[in-house]
>>> print(open('query-v1.cif').read())   # mmCIF, C-alpha atoms and all ligand atoms
data_structure
#
loop_
_atom_site.label_atom_id
_atom_site.label_comp_id
_atom_site.auth_asym_id
_atom_site.auth_seq_id
_atom_site.Cartn_x
_atom_site.Cartn_y
_atom_site.Cartn_z
CA MET A 1 -75.21 -37.40 -29.26
CA LYS A 2 -71.61 -36.40 -29.87
CA ALA A 3 -70.85 -32.66 -30.25
CA LEU A 4 -67.62 -32.27 -32.20
CA GLN A 5 -65.17 -29.53 -31.27
CA HIS A 6 -62.32 -27.86 -33.10
CA TYR A 7 -58.71 -28.81 -32.29
CA ILE A 8 -56.54 -25.71 -32.19
CA GLY A 9 -53.07 -25.23 -30.66
CA GLY A 10 -53.21 -28.67 -29.04
CA CYS A 11 -56.57 -28.03 -27.29
CA TRP A 12 -60.19 -29.02 -27.94
CA VAL A 13 -62.13 -25.80 -28.22
CA GLY A 14 -65.57 -24.48 -29.10
CA PRO A 15 -66.04 -21.66 -31.59
CA VAL A 16 -64.90 -18.13 -30.65
CA ALA A 17 -68.45 -16.87 -31.13
CA PRO A 18 -71.05 -19.62 -30.67
CA GLY A 19 -72.94 -19.85 -33.93
CA SER A 20 -74.86 -22.50 -35.77
CA THR A 21 -74.47 -26.25 -35.52
CA TYR A 22 -74.59 -28.76 -38.38
CA PRO A 23 -76.13 -32.22 -38.03
CA VAL A 24 -74.15 -35.32 -38.94
CA ILE A 25 -76.64 -37.76 -40.44
CA ASN A 26 -76.20 -41.51 -40.81
CA PRO A 27 -77.30 -42.02 -44.45
CA ALA A 28 -78.55 -45.55 -43.80
CA SER A 29 -80.96 -44.60 -41.01
CA GLU A 30 -81.39 -40.88 -41.80
CA GLU A 31 -80.86 -40.32 -38.06
CA GLN A 32 -78.67 -37.65 -36.58
CA VAL A 33 -75.59 -39.14 -34.88
CA ALA A 34 -73.55 -36.05 -34.02
CA GLU A 35 -73.30 -32.35 -34.62
CA ILE A 36 -70.49 -29.97 -35.37
CA GLN A 37 -70.07 -26.45 -34.08
CA MET A 38 -69.69 -24.41 -37.24
CA ALA A 39 -66.59 -22.24 -37.13
CA SER A 40 -66.25 -18.67 -38.39
CA ALA A 41 -63.35 -16.70 -39.87
CA ALA A 42 -62.30 -15.84 -36.27
CA ASP A 43 -61.71 -19.55 -35.54
CA VAL A 44 -59.66 -19.84 -38.73
CA ASP A 45 -57.55 -16.88 -37.51
CA LEU A 46 -56.87 -18.72 -34.23
CA ALA A 47 -55.95 -21.97 -35.98
CA VAL A 48 -53.65 -20.19 -38.42
CA ALA A 49 -51.99 -18.27 -35.58
CA ALA A 50 -51.31 -21.57 -33.79
CA ALA A 51 -49.88 -23.09 -36.98
CA VAL A 52 -47.70 -20.02 -37.64
CA LEU A 53 -46.29 -20.15 -34.08
CA ALA A 54 -45.53 -23.87 -34.31
CA PHE A 55 -43.88 -23.67 -37.72
CA PRO A 56 -40.27 -22.52 -37.02
CA ALA A 57 -39.51 -25.26 -34.49
CA PHE A 58 -41.29 -28.00 -36.41
CA ALA A 59 -39.73 -27.01 -39.74
CA THR A 60 -36.21 -27.21 -38.33
CA ALA A 61 -36.69 -30.39 -36.29
CA PRO A 62 -34.67 -33.33 -37.64
CA LEU A 63 -36.51 -35.36 -40.29
CA ALA A 64 -36.13 -38.47 -38.11
CA GLU A 65 -38.17 -36.76 -35.38
CA ARG A 66 -40.98 -35.88 -37.76
CA LEU A 67 -41.04 -39.38 -39.19
CA ASP A 68 -41.16 -40.76 -35.65
CA SER A 69 -44.24 -38.59 -35.07
CA LEU A 70 -45.84 -40.19 -38.11
CA ARG A 71 -44.95 -43.67 -36.82
CA ARG A 72 -46.64 -42.85 -33.49
CA ILE A 73 -49.75 -41.59 -35.29
CA LYS A 74 -49.82 -44.76 -37.38
CA ALA A 75 -49.49 -47.02 -34.32
CA ILE A 76 -52.46 -45.28 -32.69
CA PHE A 77 -54.42 -45.43 -35.96
CA VAL A 78 -53.82 -49.17 -36.20
CA ARG A 79 -54.81 -49.72 -32.54
CA ARG A 80 -58.03 -47.70 -33.01
CA PHE A 81 -58.67 -48.92 -36.56
CA ASP A 82 -62.14 -50.34 -35.83
CA GLU A 83 -63.30 -46.96 -34.51
CA MET A 84 -62.25 -45.42 -37.81
CA VAL A 85 -64.00 -48.12 -39.84
CA HIS A 86 -67.26 -47.47 -37.98
CA ALA A 87 -66.91 -43.69 -38.13
CA ILE A 88 -66.64 -43.76 -41.94
CA THR A 89 -69.53 -46.20 -42.29
CA THR A 90 -71.67 -44.01 -40.03
CA GLU A 91 -70.85 -40.66 -41.61
CA MET A 92 -70.97 -41.51 -45.31
CA GLY A 93 -72.43 -45.01 -45.64
CA ALA A 94 -69.50 -47.05 -46.97
CA PRO A 95 -70.28 -50.69 -46.12
CA LEU A 96 -68.10 -52.08 -43.32
CA ASP A 97 -66.01 -54.32 -45.59
CA LEU A 98 -65.24 -51.45 -47.98
CA SER A 99 -64.58 -49.16 -45.07
CA ARG A 100 -62.18 -51.69 -43.52
CA LYS A 101 -60.35 -52.79 -46.69
CA SER A 102 -60.16 -49.49 -48.58
CA GLN A 103 -61.59 -46.40 -46.92
CA ALA A 104 -59.96 -46.63 -43.47
CA ALA A 105 -57.00 -48.70 -44.70
CA ALA A 106 -55.91 -45.75 -46.85
CA GLY A 107 -54.88 -43.92 -43.64
CA PRO A 108 -52.01 -46.14 -42.44
CA ASP A 109 -51.10 -46.84 -46.09
CA HIS A 110 -50.53 -43.14 -46.81
CA ILE A 111 -48.47 -42.78 -43.63
CA ASP A 112 -46.28 -45.74 -44.64
CA ALA A 113 -45.85 -44.44 -48.18
CA THR A 114 -44.94 -40.99 -46.87
CA ILE A 115 -42.31 -42.37 -44.49
CA VAL A 116 -40.69 -44.32 -47.36
CA ALA A 117 -40.83 -41.39 -49.80
CA ALA A 118 -39.49 -38.87 -47.27
CA GLY A 119 -36.74 -41.30 -46.25
CA ASN A 120 -35.66 -41.76 -49.89
CA LEU A 121 -35.78 -38.09 -50.88
CA ASP A 122 -32.53 -36.21 -51.43
CA TRP A 123 -33.49 -33.16 -49.37
CA GLU A 124 -30.36 -31.34 -50.48
CA THR A 125 -28.66 -31.87 -53.84
CA ARG A 126 -26.01 -30.17 -55.92
CA MET A 127 -27.08 -29.04 -59.40
CA GLY A 128 -24.15 -27.54 -61.28
CA GLU A 129 -23.11 -24.49 -59.30
CA SER A 130 -26.34 -24.48 -57.28
CA ASN A 131 -27.40 -26.12 -54.07
CA VAL A 132 -31.01 -27.32 -54.26
CA VAL A 133 -32.68 -27.63 -50.86
CA TYR A 134 -36.22 -28.86 -50.28
CA GLU A 135 -37.83 -26.73 -47.57
CA PRO A 136 -41.27 -26.85 -45.97
CA ILE A 137 -43.65 -24.34 -47.54
CA GLY A 138 -45.10 -23.07 -44.25
CA VAL A 139 -48.69 -23.28 -43.07
CA CYS A 140 -50.80 -25.52 -45.32
CA GLY A 141 -54.59 -25.19 -45.55
CA LEU A 142 -56.16 -28.54 -46.34
CA ILE A 143 -59.77 -28.92 -47.52
CA THR A 144 -61.20 -32.41 -48.05
CA PRO A 145 -64.43 -34.00 -49.37
CA TRP A 146 -66.72 -36.68 -47.90
CA ASN A 147 -66.46 -39.48 -50.46
CA TRP A 148 -63.05 -40.93 -49.45
CA PRO A 149 -62.60 -38.92 -46.26
CA ILE A 150 -59.55 -40.58 -44.71
CA ASN A 151 -57.83 -41.22 -48.01
CA GLN A 152 -57.98 -37.51 -48.76
CA ILE A 153 -57.03 -36.37 -45.26
CA MET A 154 -54.02 -38.64 -44.86
CA ALA A 155 -52.79 -38.06 -48.42
CA LYS A 156 -52.47 -34.40 -47.44
CA VAL A 157 -51.64 -34.42 -43.71
CA ALA A 158 -48.89 -37.08 -43.71
CA PRO A 159 -46.68 -35.51 -46.45
CA ALA A 160 -47.21 -32.00 -45.02
CA LEU A 161 -46.01 -33.13 -41.58
CA ALA A 162 -43.10 -35.13 -43.03
CA ALA A 163 -41.97 -32.01 -44.91
CA GLY A 164 -42.07 -29.88 -41.73
CA CYS A 165 -45.18 -27.89 -42.61
CA THR A 166 -47.86 -27.11 -40.07
CA VAL A 167 -51.48 -27.56 -41.08
CA VAL A 168 -55.05 -26.35 -40.71
CA LEU A 169 -57.49 -29.02 -41.85
CA LYS A 170 -61.11 -28.36 -42.80
CA PRO A 171 -62.79 -31.68 -43.50
CA SER A 172 -66.15 -31.98 -45.20
CA GLU A 173 -68.92 -30.87 -42.86
CA GLN A 174 -70.82 -33.97 -44.01
CA ALA A 175 -68.12 -36.41 -42.90
CA PRO A 176 -66.42 -34.94 -39.83
CA LEU A 177 -66.32 -38.05 -37.61
CA SER A 178 -63.27 -39.58 -39.28
CA ALA A 179 -61.43 -36.24 -39.20
CA GLN A 180 -62.21 -35.91 -35.50
CA LEU A 181 -60.58 -39.30 -34.90
CA VAL A 182 -57.47 -38.22 -36.83
CA ALA A 183 -57.23 -35.22 -34.50
CA GLU A 184 -57.61 -37.54 -31.51
CA PHE A 185 -54.80 -39.79 -32.84
CA ILE A 186 -52.52 -36.78 -33.36
CA ASP A 187 -53.36 -35.45 -29.90
CA GLU A 188 -52.54 -38.83 -28.38
CA ALA A 189 -49.28 -38.97 -30.39
CA ARG A 190 -48.25 -35.73 -28.62
CA LEU A 191 -47.19 -33.67 -31.60
CA PRO A 192 -46.11 -30.15 -30.65
CA ALA A 193 -49.12 -27.88 -30.09
CA GLY A 194 -50.22 -26.04 -33.24
CA VAL A 195 -48.57 -28.41 -35.73
CA PHE A 196 -51.97 -29.90 -36.60
CA ASN A 197 -55.21 -27.95 -36.28
CA LEU A 198 -58.73 -29.01 -37.17
CA VAL A 199 -61.53 -26.54 -37.87
CA HIS A 200 -65.05 -27.77 -38.65
CA GLY A 201 -67.30 -25.69 -40.82
CA SER A 202 -68.73 -24.88 -44.19
CA GLY A 203 -66.88 -24.27 -47.44
CA PRO A 204 -68.18 -20.77 -48.09
CA THR A 205 -67.23 -19.62 -44.55
CA VAL A 206 -64.26 -21.63 -43.26
CA GLY A 207 -62.93 -22.80 -46.65
CA HIS A 208 -63.16 -19.28 -48.01
CA ALA A 209 -61.44 -17.75 -44.95
CA MET A 210 -58.61 -20.26 -45.32
CA SER A 211 -58.17 -19.63 -49.06
CA ALA A 212 -58.04 -15.88 -48.46
CA HIS A 213 -55.84 -16.03 -45.34
CA PRO A 214 -52.61 -14.03 -45.68
CA HIS A 215 -50.70 -16.39 -43.34
CA ILE A 216 -51.63 -19.64 -45.07
CA ASP A 217 -48.87 -20.35 -47.57
CA MET A 218 -50.47 -23.14 -49.54
CA MET A 219 -53.96 -24.54 -50.14
CA SER A 220 -54.49 -28.20 -51.01
CA PHE A 221 -58.06 -28.77 -52.11
CA THR A 222 -59.99 -31.87 -53.14
CA GLY A 223 -63.63 -31.57 -54.10
CA SER A 224 -65.93 -30.28 -56.78
CA THR A 225 -64.78 -28.20 -59.73
CA ARG A 226 -67.08 -25.38 -58.63
CA ALA A 227 -65.45 -25.07 -55.19
CA GLY A 228 -61.96 -25.64 -56.63
CA VAL A 229 -62.37 -22.63 -58.91
CA ASP A 230 -63.50 -20.60 -55.91
CA VAL A 231 -60.46 -21.64 -53.83
CA ALA A 232 -58.02 -20.80 -56.65
CA ARG A 233 -59.64 -17.41 -57.28
CA THR A 234 -59.70 -16.48 -53.59
CA ALA A 235 -56.12 -17.68 -53.04
CA ALA A 236 -54.83 -15.65 -55.97
CA ASP A 237 -54.84 -12.33 -54.11
CA SER A 238 -52.27 -13.58 -51.59
CA ILE A 239 -50.33 -15.50 -54.29
CA LYS A 240 -50.34 -18.69 -52.27
CA ARG A 241 -49.70 -22.01 -53.94
CA VAL A 242 -52.79 -24.08 -54.74
CA THR A 243 -53.04 -27.77 -55.59
CA GLN A 244 -56.35 -29.29 -56.59
CA GLU A 245 -57.96 -32.62 -57.32
CA LEU A 246 -61.39 -31.95 -58.78
CA GLY A 247 -64.35 -33.79 -60.27
CA GLY A 248 -64.38 -36.26 -63.13
CA LYS A 249 -66.44 -38.15 -65.68
CA SER A 250 -63.98 -40.79 -66.76
CA PRO A 251 -64.47 -42.54 -70.09
CA ASN A 252 -63.73 -46.22 -70.46
CA ILE A 253 -63.33 -47.60 -73.99
CA VAL A 254 -64.18 -51.24 -74.79
CA PHE A 255 -63.14 -52.63 -78.19
CA ALA A 256 -64.75 -55.55 -80.01
CA ASP A 257 -61.65 -57.74 -79.66
CA SER A 258 -61.56 -57.52 -75.85
CA ASP A 259 -62.74 -60.22 -73.47
CA LEU A 260 -66.22 -58.66 -73.31
CA GLU A 261 -67.49 -60.42 -70.22
CA LYS A 262 -64.37 -59.48 -68.27
CA ALA A 263 -64.27 -55.88 -69.58
CA ILE A 264 -67.92 -55.13 -68.83
CA THR A 265 -67.92 -56.87 -65.46
CA GLU A 266 -64.89 -54.87 -64.39
CA SER A 267 -66.36 -51.61 -65.78
CA VAL A 268 -69.64 -52.03 -63.93
CA ARG A 269 -67.89 -53.00 -60.71
CA ARG A 270 -65.58 -50.00 -60.84
CA CYS A 271 -68.37 -47.59 -61.75
CA PHE A 272 -70.50 -48.73 -58.81
CA ASN A 273 -67.66 -49.02 -56.28
CA ASN A 274 -68.27 -46.76 -53.26
CA THR A 275 -71.86 -46.43 -54.55
CA GLY A 276 -70.52 -44.56 -57.57
CA GLN A 277 -69.09 -41.77 -55.43
CA SER A 278 -65.51 -41.68 -56.65
CA CYS A 279 -63.89 -38.98 -58.75
CA ASN A 280 -62.20 -41.65 -60.90
CA ALA A 281 -65.30 -43.84 -61.43
CA PRO A 282 -65.47 -44.87 -65.12
CA THR A 283 -69.01 -43.59 -65.61
CA ARG A 284 -69.03 -43.38 -69.41
CA LEU A 285 -68.65 -46.75 -71.05
CA LEU A 286 -67.83 -46.36 -74.75
CA VAL A 287 -68.40 -49.67 -76.56
CA GLU A 288 -67.55 -50.57 -80.16
CA ASP A 289 -70.61 -50.93 -82.37
CA THR A 290 -70.35 -54.66 -83.18
CA VAL A 291 -70.39 -55.74 -79.50
CA TYR A 292 -72.53 -52.87 -78.18
CA ASP A 293 -75.82 -54.78 -77.82
CA ALA A 294 -74.18 -57.71 -76.06
CA ALA A 295 -72.35 -55.27 -73.76
CA ALA A 296 -75.60 -53.45 -72.93
CA GLN A 297 -77.36 -56.71 -72.03
CA LEU A 298 -74.48 -57.78 -69.85
CA ALA A 299 -74.22 -54.40 -68.08
CA ALA A 300 -77.97 -54.38 -67.41
CA ARG A 301 -77.84 -57.90 -65.97
CA LEU A 302 -74.87 -57.05 -63.75
CA ALA A 303 -76.54 -53.87 -62.48
CA GLU A 304 -79.80 -55.67 -61.70
CA SER A 305 -77.88 -58.30 -59.73
CA THR A 306 -75.73 -55.81 -57.79
CA PRO A 307 -76.76 -56.17 -54.16
CA VAL A 308 -77.63 -53.08 -52.11
CA GLY A 309 -77.70 -53.36 -48.34
CA ASP A 310 -77.16 -51.98 -44.88
CA PRO A 311 -73.61 -50.62 -44.64
CA ALA A 312 -73.40 -51.89 -41.07
CA SER A 313 -73.68 -55.50 -42.34
CA PRO A 314 -70.69 -57.41 -43.68
CA GLY A 315 -70.53 -58.23 -47.39
CA ARG A 316 -69.71 -56.73 -50.77
CA HIS A 317 -72.98 -54.86 -51.35
CA LEU A 318 -73.49 -51.18 -52.18
CA GLY A 319 -74.44 -48.92 -49.31
CA PRO A 320 -76.61 -45.80 -49.44
CA LEU A 321 -75.53 -42.53 -51.02
CA ALA A 322 -73.78 -40.29 -48.52
CA SER A 323 -76.49 -37.69 -47.95
CA ARG A 324 -79.99 -36.56 -48.85
CA MET A 325 -78.42 -33.91 -51.08
CA GLN A 326 -76.55 -36.63 -52.99
CA PHE A 327 -79.68 -38.81 -53.20
CA ASP A 328 -81.75 -35.92 -54.60
CA LYS A 329 -79.01 -35.07 -57.10
CA VAL A 330 -78.79 -38.65 -58.38
CA GLN A 331 -82.59 -38.86 -58.70
CA LYS A 332 -82.57 -35.62 -60.69
CA CYS A 333 -79.88 -36.96 -63.01
CA ILE A 334 -81.84 -40.18 -63.63
CA GLU A 335 -84.93 -38.07 -64.40
CA MET A 336 -82.82 -35.95 -66.72
CA GLY A 337 -81.49 -39.04 -68.57
CA ILE A 338 -85.02 -40.33 -69.09
CA ALA A 339 -86.21 -36.91 -70.31
CA GLU A 340 -83.24 -36.61 -72.68
CA GLY A 341 -84.19 -39.88 -74.36
CA ALA A 342 -81.44 -42.16 -73.02
CA ARG A 343 -82.64 -45.80 -72.87
CA LEU A 344 -83.02 -46.96 -69.26
CA ILE A 345 -81.98 -50.63 -69.23
CA ALA A 346 -81.49 -51.22 -65.49
CA GLY A 347 -82.47 -49.52 -62.25
CA GLY A 348 -84.17 -46.14 -62.38
CA LEU A 349 -85.85 -43.75 -60.02
CA GLY A 350 -86.54 -44.32 -56.33
CA ARG A 351 -85.08 -46.64 -53.73
CA PRO A 352 -84.37 -50.33 -54.41
CA THR A 353 -87.15 -52.73 -53.44
CA GLY A 354 -87.30 -53.37 -49.71
CA PHE A 355 -85.94 -49.99 -48.56
CA ALA A 356 -88.40 -47.62 -46.93
CA ARG A 357 -85.74 -45.20 -45.71
CA GLY A 358 -82.07 -44.39 -46.09
CA PHE A 359 -80.45 -42.67 -49.06
CA TYR A 360 -80.30 -45.85 -51.14
CA ALA A 361 -80.32 -45.55 -54.95
CA ARG A 362 -80.89 -48.27 -57.56
CA PRO A 363 -77.85 -49.38 -59.57
CA THR A 364 -78.76 -47.86 -62.93
CA VAL A 365 -77.62 -48.23 -66.55
CA PHE A 366 -78.53 -45.95 -69.45
CA ALA A 367 -77.87 -47.10 -73.01
CA ASP A 368 -77.71 -44.98 -76.18
CA VAL A 369 -76.22 -41.99 -74.39
CA HIS A 370 -74.34 -39.40 -76.45
CA ASN A 371 -72.15 -36.46 -75.54
CA GLN A 372 -74.85 -33.87 -76.25
CA MET A 373 -76.88 -35.25 -73.34
CA GLN A 374 -76.36 -33.65 -69.96
CA ILE A 375 -76.08 -37.05 -68.23
CA ALA A 376 -72.97 -37.68 -70.36
CA ARG A 377 -71.44 -34.39 -69.32
CA GLU A 378 -72.27 -33.92 -65.65
CA GLU A 379 -70.65 -35.75 -62.79
CA ILE A 380 -73.56 -37.75 -61.33
CA PHE A 381 -71.66 -39.23 -58.36
CA GLY A 382 -73.98 -42.20 -57.88
CA PRO A 383 -74.34 -45.75 -59.21
CA VAL A 384 -75.31 -44.66 -62.74
CA LEU A 385 -73.49 -45.99 -65.80
CA CYS A 386 -73.85 -44.40 -69.25
CA LEU A 387 -73.30 -46.63 -72.27
CA MET A 388 -72.24 -44.98 -75.52
CA ARG A 389 -71.73 -46.53 -78.94
CA PHE A 390 -68.76 -45.87 -81.24
CA LYS A 391 -67.84 -47.18 -84.68
CA ALA A 392 -64.23 -46.14 -85.18
CA LEU A 393 -61.28 -45.56 -82.89
CA ASP A 394 -60.96 -41.85 -83.72
CA GLU A 395 -64.64 -41.36 -82.90
CA ALA A 396 -64.17 -43.08 -79.50
CA VAL A 397 -61.11 -41.02 -78.68
CA ALA A 398 -62.83 -37.78 -79.72
CA HIS A 399 -65.84 -38.62 -77.54
CA ALA A 400 -63.67 -39.60 -74.62
CA HIS A 401 -61.72 -36.35 -74.82
CA GLU A 402 -64.65 -34.07 -75.30
CA HIS A 403 -64.77 -31.67 -72.41
CA LEU A 404 -67.68 -32.46 -70.20
CA ASP A 405 -68.70 -29.34 -68.46
CA PRO A 406 -70.31 -27.04 -71.04
CA SER A 407 -69.54 -24.01 -68.88
CA HIS A 408 -65.80 -24.67 -69.24
CA PRO A 409 -65.19 -25.37 -72.94
CA ARG A 410 -61.80 -26.71 -73.94
CA PRO A 411 -59.79 -24.05 -75.80
P1 LIG B 501 -67.46 -29.96 -52.50
O1 LIG B 501 -66.58 -29.19 -53.43
O2 LIG B 501 -68.83 -29.51 -52.28
O3 LIG B 501 -66.78 -30.02 -51.06
C1 LIG B 501 -65.44 -30.41 -50.87
C2 LIG B 501 -64.85 -29.62 -49.74
O4 LIG B 501 -64.76 -28.27 -50.17
C3 LIG B 501 -65.70 -29.63 -48.48
O5 LIG B 501 -64.87 -29.63 -47.36
C4 LIG B 501 -66.47 -28.32 -48.58
O6 LIG B 501 -66.89 -27.81 -47.36
C5 LIG B 501 -65.42 -27.42 -49.24
N1 LIG B 501 -65.94 -26.29 -49.98
C6 LIG B 501 -67.14 -26.17 -50.60
N2 LIG B 501 -67.25 -24.94 -51.17
C7 LIG B 501 -66.09 -24.29 -50.89
C8 LIG B 501 -65.60 -23.00 -51.19
N3 LIG B 501 -66.33 -22.13 -51.88
N4 LIG B 501 -64.36 -22.65 -50.76
C9 LIG B 501 -63.61 -23.52 -50.05
N5 LIG B 501 -64.04 -24.75 -49.72
C10 LIG B 501 -65.25 -25.14 -50.15
O7 LIG B 501 -67.36 -31.46 -52.99
P2 LIG B 501 -67.97 -32.73 -52.28
O8 LIG B 501 -69.36 -32.81 -52.74
O9 LIG B 501 -67.68 -32.78 -50.83
O10 LIG B 501 -67.05 -33.88 -52.91
C11 LIG B 501 -67.34 -34.47 -54.09
C12 LIG B 501 -66.50 -33.87 -55.19
O11 LIG B 501 -65.11 -34.06 -54.93
C13 LIG B 501 -66.75 -34.56 -56.51
O12 LIG B 501 -66.83 -33.59 -57.54
C14 LIG B 501 -65.53 -35.45 -56.70
O13 LIG B 501 -65.25 -35.80 -58.02
C15 LIG B 501 -64.47 -34.63 -56.07
N6 LIG B 501 -63.35 -35.45 -55.65
C16 LIG B 501 -62.23 -35.45 -56.39
C17 LIG B 501 -61.17 -36.26 -56.01
C18 LIG B 501 -59.91 -36.27 -56.80
O14 LIG B 501 -58.96 -36.88 -56.34
N7 LIG B 501 -59.86 -35.64 -57.96
C19 LIG B 501 -61.28 -37.09 -54.91
C20 LIG B 501 -62.45 -37.08 -54.18
C21 LIG B 501 -63.49 -36.23 -54.57
#
>>> encode(input="query-v1.cif", output="structure tokens", more="lines below")
Ligand code: NAD
Amino acid sequence: MKALQHYIGGCWVGPVAPGSTYPVINPASEEQVAEIQMASAADVDLAVAAAVLAFPAFATAPLAERLDSLRRIKAIFVRRFDEMVHAITTEMGAPLDLSRKSQAAAGPDHIDATIVAAGNLDWETRMGESNVVYEPIGVCGLITPWNWPINQIMAKVAPALAAGCTVVLKPSEQAPLSAQLVAEFIDEARLPAGVFNLVHGSGPTVGHAMSAHPHIDMMSFTGSTRAGVDVARTAADSIKRVTQELGGKSPNIVFADSDLEKAITESVRRCFNNTGQSCNAPTRLLVEDTVYDAAAQLAARLAESTPVGDPASPGRHLGPLASRMQFDKVQKCIEMGIAEGARLIAGGLGRPTGFARGFYARPTVFADVHNQMQIAREEIFGPVLCLMRFKALDEAVAHAHEHLDPSHPRP
């Protein structure tokens, strides 16, 4: 079993004070495949110190040099692409085809896009009497989730490095294998020590220590709204910049004059993509009254015929949910929908037929959902679609805009 280490100052290291470990579980088999050494605030201090030391030289290196570093990282990524595909499938259950075409592919794509954007940017411009110069912010603390692990990591790491920032990355403790590979690629690409640092650990310990750290100049966070609020609050005391991408419950409005078959097929496919674990999944399907029943029938049929299978097999099926925690949460939400009186028209509780283990959920559709129900308001993050009926455009727009988390009412 692989024991994952931190990568600090260009070296693979264990924690300063040996503490707890965290198991990495393959969600298809429920078996442990690796473990991480959980870091403490002392490890964050070391990583930040390395990033602070590396910053002046990296920030003033010519842009061409930094972009060359990114090209080297990309070349290694492409050479070791299959390792990345398998790491993502193993850590969070994305089926191999999805992992290959989207999940892992996002890595080199973000590097390419960054190289183009950085190459086209006017780093110094004249604005009236002023000279406007784009400068690196400093040390960036990056915190990422498990659902699109490489997409999130590379969308943060590549632009930070292109800009001349140095970074401390804390990936999700549930999906650390892909992050470990990124560190290996960067190590092999021979970036100056301390430019990129990886610290494994939990949000409340490592994420909190990063957000509070006086020598981290910016936090970039992607994850749940709850943790995002925590990061922003903690970062406020040191007035660092914070960017966030948080949770969602996207509405999707279907009108009677649309091509119904096409609209519903696309809605169901997008809602279930990545086993429903995407922040932009259109999980609320608002359908105009006159075509509502036909839409419900179609959505139920599509859900019932959505294949679920082993993520290690090729094909366009859904894999398991990423973790037991996610499986339990989705089951609770389905229970909640049933208790609230939503009409279950496909799927439901438990695993799909034929699965005795693994965190597999049934592709599920609820009809007759309304915004007062909790399942319409909470991010479920599983293959669960909520159908809602509307009669007039203003009603659909009002429903779509209604703020979804009752604890954060819209002003
Ligand atoms: P999460 O918030 O539990 O964890 C995300 C990351 O934040 C992890 O690395 C975790 O360790 C860390 N973290 C947790 N608590 C923290 C704290 N108090 N301080 C600092 N860091 C903390 O979310 P998750 O379950 O891993 O990811 C799923 C969530 O991410 C969903 O809500 C989803 O919508 C959201 N997400 C949003 C986007 C987007 O682009 N908007 C993209 C992907 C995921």
>>> residues_around(input="query-v1.cif", residues="Glu245 (chain A)", least_positions_apart="4", cutoff="12 Å", atoms="all atoms listed in the file", output="count of residues only")
23
>>> closest_atom_pairs(input="query-v1.cif", of="region 199-256 of chain A", to="region 381-386 of chain A", cutoff="12 Å", atoms="all atoms listed in the file", output="Markdown table")
| residue | atom | partner | partner_atom | distance |
| --- | --- | --- | --- | --- |
| A:Gly223 | CA | A:Phe381 | CA | 11.9 |
| A:Ser224 | CA | A:Phe381 | CA | 10.7 |
| A:Gly247 | CA | A:Phe381 | CA | 9.3 |
| A:Gly248 | CA | A:Phe381 | CA | 9.2 |
| A:Lys249 | CA | A:Phe381 | CA | 9.1 |
| A:Ser250 | CA | A:Cys386 | CA | 10.8 |
| A:Pro251 | CA | A:Cys386 | CA | 9.6 |
| A:Asn252 | CA | A:Cys386 | CA | 10.4 |
| A:Ile253 | CA | A:Cys386 | CA | 12.0 |
>>> closest_residue(input="query-v1.cif", among="A:Arg71, A:Lys170, A:His317, A:Arg301", to="Phe272 (chain A)", atoms="only C-alpha atoms")
A:His317
>>> closest_residue(input="query-v1.cif", among="A:Ile186, A:Ala113, A:Ala59, A:Leu321", to="ligand LIG 501 (chain B)", atoms="only C-alpha atoms and all ligand atoms")
A:Leu321
>>> axis_aligned_box(input="query-v1.cif", around="ligand LIG 501 (chain B)", padding_each_side="6 Å", output="JSON")
{"center_x": -64.2, "center_y": -29.6, "center_z": -52.7, "size_x": 22.4, "size_y": 27.0, "size_z": 22.7}
>>> residues_around(input="query-v1.cif", residues="region 196-206 of chain A", least_positions_apart="3", cutoff="7 Å", atoms="only C-alpha atoms", output="list in words")
His6, Tyr7, Ile8, Gly9, Ile36, Gln37, Met38, Ala39, Ser40, Ala41, Val44, Ala47, Thr166, Val167, Val168, Leu169, Lys170, Pro171, Glu173, Ala183, Ala209 and Met210 of chain A
>>> residues_near_point(input="query-v1.cif", point="(-65.2, -47.5, -46.1)", cutoff="8 Å", atoms="only C-alpha atoms", output="PyMOL selection string")
chain A and resi 85+88-89+93-104+148+274
>>> closest_residue(input="query-v1.cif", among="A:Phe355, A:Phe58, A:Phe327, A:Trp123", to="ligand LIG 501 (chain B)", atoms="all atoms listed in the file")
A:Phe327
>>> closest_residue(input="query-v1.cif", among="A:Pro23, A:Gly341, A:Gly309, A:Pro136", to="Glu35 (chain A)", atoms="all atoms listed in the file")
A:Pro23
>>> closest_residue(input="query-v1.cif", among="A:Val287, A:Val308, A:Ala3, A:Leu46", to="Pro176 (chain A)", atoms="only C-alpha atoms")
A:Ala3
>>> residues_near_point(input="query-v1.cif", point="(-64.6, -44.4, -35.5)", cutoff="10 Å", atoms="all atoms listed in the file", output="PyMOL selection string")
chain A and resi 80-91+104+177-182
>>> residues_around(input="query-v1.cif", residues="Ala61 (chain A)", least_positions_apart="5", cutoff="12 Å", atoms="only C-alpha atoms", output="number ranges by chain")
A: 54-56, 66-69, 135-136, 161-165, 191-192
>>> closest_residue(input="query-v1.cif", among="A:Gly358, A:Pro159, A:Gly141, A:Pro15", to="ligand LIG 501 (chain B)", atoms="only C-alpha atoms and all ligand atoms")
A:Gly141
>>> atom_distance(input="query-v1.cif", atom1="atom N4 of ligand LIG 501 (chain B)", atom2="CA of Cys140 (chain A)")
14.9 Å
>>> atom_distance(input="query-v1.cif", atom1="atom C21 of ligand LIG 501 (chain B)", atom2="CA of Lys240 (chain A)")
22.0 Å
